[in-house]
Every structure is written in C-alpha cells, then in structure tokens.
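Here's the structure we're looking at; comments come further down.
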Amino acid sequence: MNPVSYLEAGVIYCDENLQRLAQFPAECVDLIYLDPPFFTNRTYEVIWGDEAEIRSFEDRWEGGIEVYVDWMRERMIELHRILKPNGSLYLHCDPTASHYLKVMVDGVFGSRKRFVNEITWKRSSAHSDVKQGSKHFGRVSDTLLFYSKGDDRTWNQLYTEYDPPTSTVTTAVSSQRQGVDTASTTFKAPAALRKATRSMSFLA
Ligand SMILES: C[S@@+](CC[C@H](N)C(=O)[O-])C[C@H]1O[C@@H](n2cnc3c(N)ncnc32)[C@H](O)[C@@H]1O
C-alpha cells in the first residue's frame with residue numbers, strides 16, 4: 001500500500017474530525033464506519049489508556065434534533081466527498097435519531113436509492129432499560145444505516161458456519177402432489193428451527 005501524506009496507518013487521531021476529514025483528497029476511502037454521538041441527551045465518561053484517565057464527551061444538544069442533524073450533515077458531506085465511487089458507509093446510531101439521520105443522509109448522498117440496508121444490532125446479553133413500572137418494551141438494539149455511493153459497490157459476501165447439530169428430530173413428510181408416498185426422514189434440527197417449531201404442528 002502506498003503511504004499517504006494525510007494519514008498515518010495504525011494511528012488513532014483524537015481531534016476534531018471535521019478538520020481531519022478536510023485534509024483527505026476526494027474519493028480515496030473504500031469503507032467508512034462511524035459511531036458518532038447518538039443524541040441521547042447524556043454525558044458519557046470512558047476510562048482511557050494505560051493511565052486509566054477518565055475522558056468524557058457530551059451527547060447533549062442545545063437547540064434539539066435540528067442542531068444535532070445539522071452537525072452530522074456537515075460531517076456527512078465530507079465523508080461522502082472522500083468516499084470512493086464504489087465505497088460504502090455504515091452509520092451506527094440508535095432509534096432515538098436514526099429516522100432523522102436517514103433523511104439527512106439520503107439528501108447528502110443525492111438519492112434515496114443510495115440507501116442499501118438497515119441493520120439491527122441486538123445486544124445478545126440485553127441490558128434492557130425495562131424496570132418495575134416501565135410502560136414500554138425493552139430498548140435493546142442499535143441501528144446501522146448502510147449506504148453506497150454508487151451502483152457498483154464493492155461487496156464481499158460473508159459466510160458463517162451452520163448452527164451445530166444439537167438434537168435429532170424425526171418427521172414424516174408426504175407429498176401427494178408430487179406423487180410421492182409418505183417418506184420418513186431423520187435430521188438434526190438447528191436451534192433456531194427447534195425453537196420455531198416448538199409450537200407448530202406440521203400438516204403435510
Ligand atoms: C458513541 S461514542 C463512540 C465511541 C467509540 N466508537 C467506542 O466504541 O469507544 C462517540 C465518540 O465521538 C467522539 N466525538 C464527538 N464529537 C467529535 C468530533 N467533533 N470529532 C471527533 N470525535 C468526536 C466522542 O468523543 C466519542 O468518543
């Protein structure tokens with residue numbers, strides 16, 4: 001890979017991203033993932049580095065959602081500028097503001113057709129915000145909005161292992177339409193299938 005003057009590989013830059021992005025030439029980045037403040041109206045503290053320094057950032061927006069979306073738009077314009085024509089962008093947000101951000105990003109990318117997918121990131125050990133007396137369902141997921149700059153995006157298909165076989169289910173399948181008599185077969189059902197079929201009865 002050729003070294004570039006505007007970016008040192010393996011370095012985390014802890015400064016204002018708008019100024020940093022302005023140093024990038026146009027159309028030089030393959031993929032962007034961003035995890036910005038979410039419009040939660042909270043202050044966050046994180047423990048940073050070996051010295052365990054406490055750093056905080058404000059996710060409070062005087063002026064409300066319009067101010068937040070304008071702040072994000074400024075950065076999105078830069079991100080769109082530096083993205084390659086076949087590049088992709090993943091914006092991590094949550095249901096607090098994802099619907100506002102989606103409209104804004106559609107505008108910056110120039111068309112609603114540039115939106116590809118909405119990915120729901122559900123926490124596997126969900127620390128739900130439901131407690132005694134709550135009058136809402138648990139808020140246990142984040143949202144990732146996936147955009148592509150052009151029609152011909154780079155896409156690397158991901159494959160994962162099948163669920164490991166855990167139990168044996170025997171089922172009888174008959175298909176008279178295909179002129180086949182009742183056939184009996186045994187297979188290992190993956191966990192998701194066992195869960196889905198627990199309350200179902202098969203009619204064949
Ligand atoms: C939701 S947190 C993401 C944290 C990080 N992804 C992680 O998992 O630790 C948002 C981050 O954006 C940073 N941030 C806020 N405004 C920024 C700005 N103008 N330029 C660069 N970073 C900023 C905050 O300091 C905070 O660390």
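How things are named: the first chain in the structure tokens is A, the next is B, and so on; residues count from 1 in each chain; ligands count from 1 in the order shown.
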Distance filter 6 Å around ligand 1, atoms: only C-alpha atoms and all ligand atoms, out as number ranges by chain: A: 15-17, 35-37, 57
With 12 Å as the cut-off and only C-alpha atoms counted, what is the closest atom pair between each nearby residue of range 123-155 of chain A and range 98-105 of chain A? Distances in Å to one decimal, ordered by chain and number, as JSON lines.
```
{"residue": "A:Ser141", "atom": "CA", "partner": "A:Ser98", "partner_atom": "CA", "distance": 11.9}
{"residue": "A:Asp142", "atom": "CA", "partner": "A:Ser98", "partner_atom": "CA", "distance": 9.3}
{"residue": "A:Thr143", "atom": "CA", "partner": "A:Ser98", "partner_atom": "CA", "distance": 7.1}
{"residue": "A:Leu144", "atom": "CA", "partner": "A:Ser98", "partner_atom": "CA", "distance": 8.5}
{"residue": "A:Leu145", "atom": "CA", "partner": "A:Lys102", "partner_atom": "CA", "distance": 7.4}
{"residue": "A:Phe146", "atom": "CA", "partner": "A:Lys102", "partner_atom": "CA", "distance": 9.8}
{"residue": "A:Tyr147", "atom": "CA", "partner": "A:Val105", "partner_atom": "CA", "distance": 8.4}
{"residue": "A:Ser148", "atom": "CA", "partner": "A:Val105", "partner_atom": "CA", "distance": 10.8}
{"residue": "A:Lys149", "atom": "CA", "partner": "A:Val105", "partner_atom": "CA", "distance": 11.0}
```
Could you save the residues just selected, with N, CA and C atoms, as a tab-separated table (two decimals), in the first residue's frame?
```tsv
chain	number	residue	atom	x	y	z
A	141	SER	N	-31.62	-2.57	21.15
A	141	SER	CA	-30.92	-2.66	19.86
A	141	SER	C	-30.40	-1.30	19.40
A	142	ASP	N	-29.35	-1.37	18.58
A	142	ASP	CA	-28.83	-0.20	17.86
A	142	ASP	C	-29.18	-0.38	16.39
A	143	THR	N	-28.93	0.66	15.63
A	143	THR	CA	-29.24	0.64	14.20
A	143	THR	C	-28.00	1.00	13.40
A	144	LEU	N	-27.77	0.29	12.32
A	144	LEU	CA	-26.70	0.69	11.39
A	144	LEU	C	-27.33	0.96	10.03
A	145	LEU	N	-27.15	2.18	9.53
A	145	LEU	CA	-27.66	2.53	8.21
A	145	LEU	C	-26.52	2.32	7.21
A	146	PHE	N	-26.78	1.49	6.22
A	146	PHE	CA	-25.77	1.11	5.23
A	146	PHE	C	-26.07	1.84	3.92
A	147	TYR	N	-25.12	2.66	3.49
A	147	TYR	CA	-25.26	3.43	2.24
A	147	TYR	C	-24.13	3.08	1.29
A	148	SER	N	-24.42	3.26	0.01
A	148	SER	CA	-23.41	3.01	-1.02
A	148	SER	C	-23.34	4.25	-1.90
A	149	LYS	N	-22.13	4.65	-2.25
A	149	LYS	CA	-22.00	5.91	-3.02
A	149	LYS	C	-22.50	5.74	-4.46
```
Nearby residues (only C-alpha atoms) at most 12 Å from Leu7 in chain A, same-chain spacing under 4 positions excluded, as a list in words: Asn2, Pro3, Val11, Ile12, Tyr13, Arg20, Leu21, Ala22, Gln23, Phe24, Pro25, Cys28 and Val29 of chain A
Export, as a JSON list (two decimals), in the first residue's frame, the selected residues with C-alpha atoms.
```
[["chain", "number", "residue", "atom", "x", "y", "z"],
["A", 2, "ASN", "CA", 1.35, 3.44, -0.86],
["A", 3, "PRO", "CA", 1.97, 5.76, 2.09],
["A", 11, "VAL", "CA", -2.67, 5.85, 14.46],
["A", 12, "ILE", "CA", -5.80, 6.92, 16.31],
["A", 13, "TYR", "CA", -6.38, 10.64, 15.84],
["A", 20, "ARG", "CA", -9.15, 15.97, 9.86],
["A", 21, "LEU", "CA", -11.55, 14.95, 7.08],
["A", 22, "ALA", "CA", -10.91, 18.19, 5.21],
["A", 23, "GLN", "CA", -7.29, 17.06, 4.71],
["A", 24, "PHE", "CA", -8.36, 13.96, 2.79],
["A", 25, "PRO", "CA", -8.49, 14.18, -1.01],
["A", 28, "CYS", "CA", -9.84, 7.99, -1.51],
["A", 29, "VAL", "CA", -11.67, 5.79, 1.05]]
```
Secondary structure check, strand (DSSP E) residues of range 8-189 of chain A, as a VMD selection string: chain A and resid 29 to 34 42 to 48 53 to 59 83 to 93 115 to 122 141 to 148 167 to 175 180 to 189
CA of Glu161 in chain A to CA of Thr120 in chain A, straight-line distance in Å: 20.6 Å
One-decimal distance in Å that lies between CA of Lys84 in chain A and CA of Ile32 in chain A: 10.1 Å
Mind checking which residues fall within 9 Å of Leu34 in chain A, counting only C-alpha atoms, ignoring those fewer than 4 positions away in the same chain, and posting them as a JSON list (two decimals) with N, CA and C atoms, in the first residue's frame?
```
[["chain", "number", "residue", "atom", "x", "y", "z"],
["A", 89, "LEU", "N", -20.72, 3.14, 3.26],
["A", 89, "LEU", "CA", -20.70, 3.85, 4.55],
["A", 89, "LEU", "C", -21.70, 3.21, 5.49],
["A", 90, "TYR", "N", -21.26, 2.95, 6.72],
["A", 90, "TYR", "CA", -22.12, 2.38, 7.75],
["A", 90, "TYR", "C", -22.23, 3.39, 8.89],
["A", 91, "LEU", "N", -23.42, 3.88, 9.12],
["A", 91, "LEU", "CA", -23.66, 4.87, 10.18],
["A", 91, "LEU", "C", -24.34, 4.17, 11.35],
["A", 92, "HIS", "N", -23.62, 4.11, 12.46],
["A", 92, "HIS", "CA", -24.13, 3.47, 13.67],
["A", 92, "HIS", "C", -24.90, 4.52, 14.48],
["A", 93, "CYS", "N", -26.14, 4.25, 14.77],
["A", 93, "CYS", "CA", -26.94, 5.20, 15.56],
["A", 93, "CYS", "C", -27.94, 4.38, 16.38]]
```
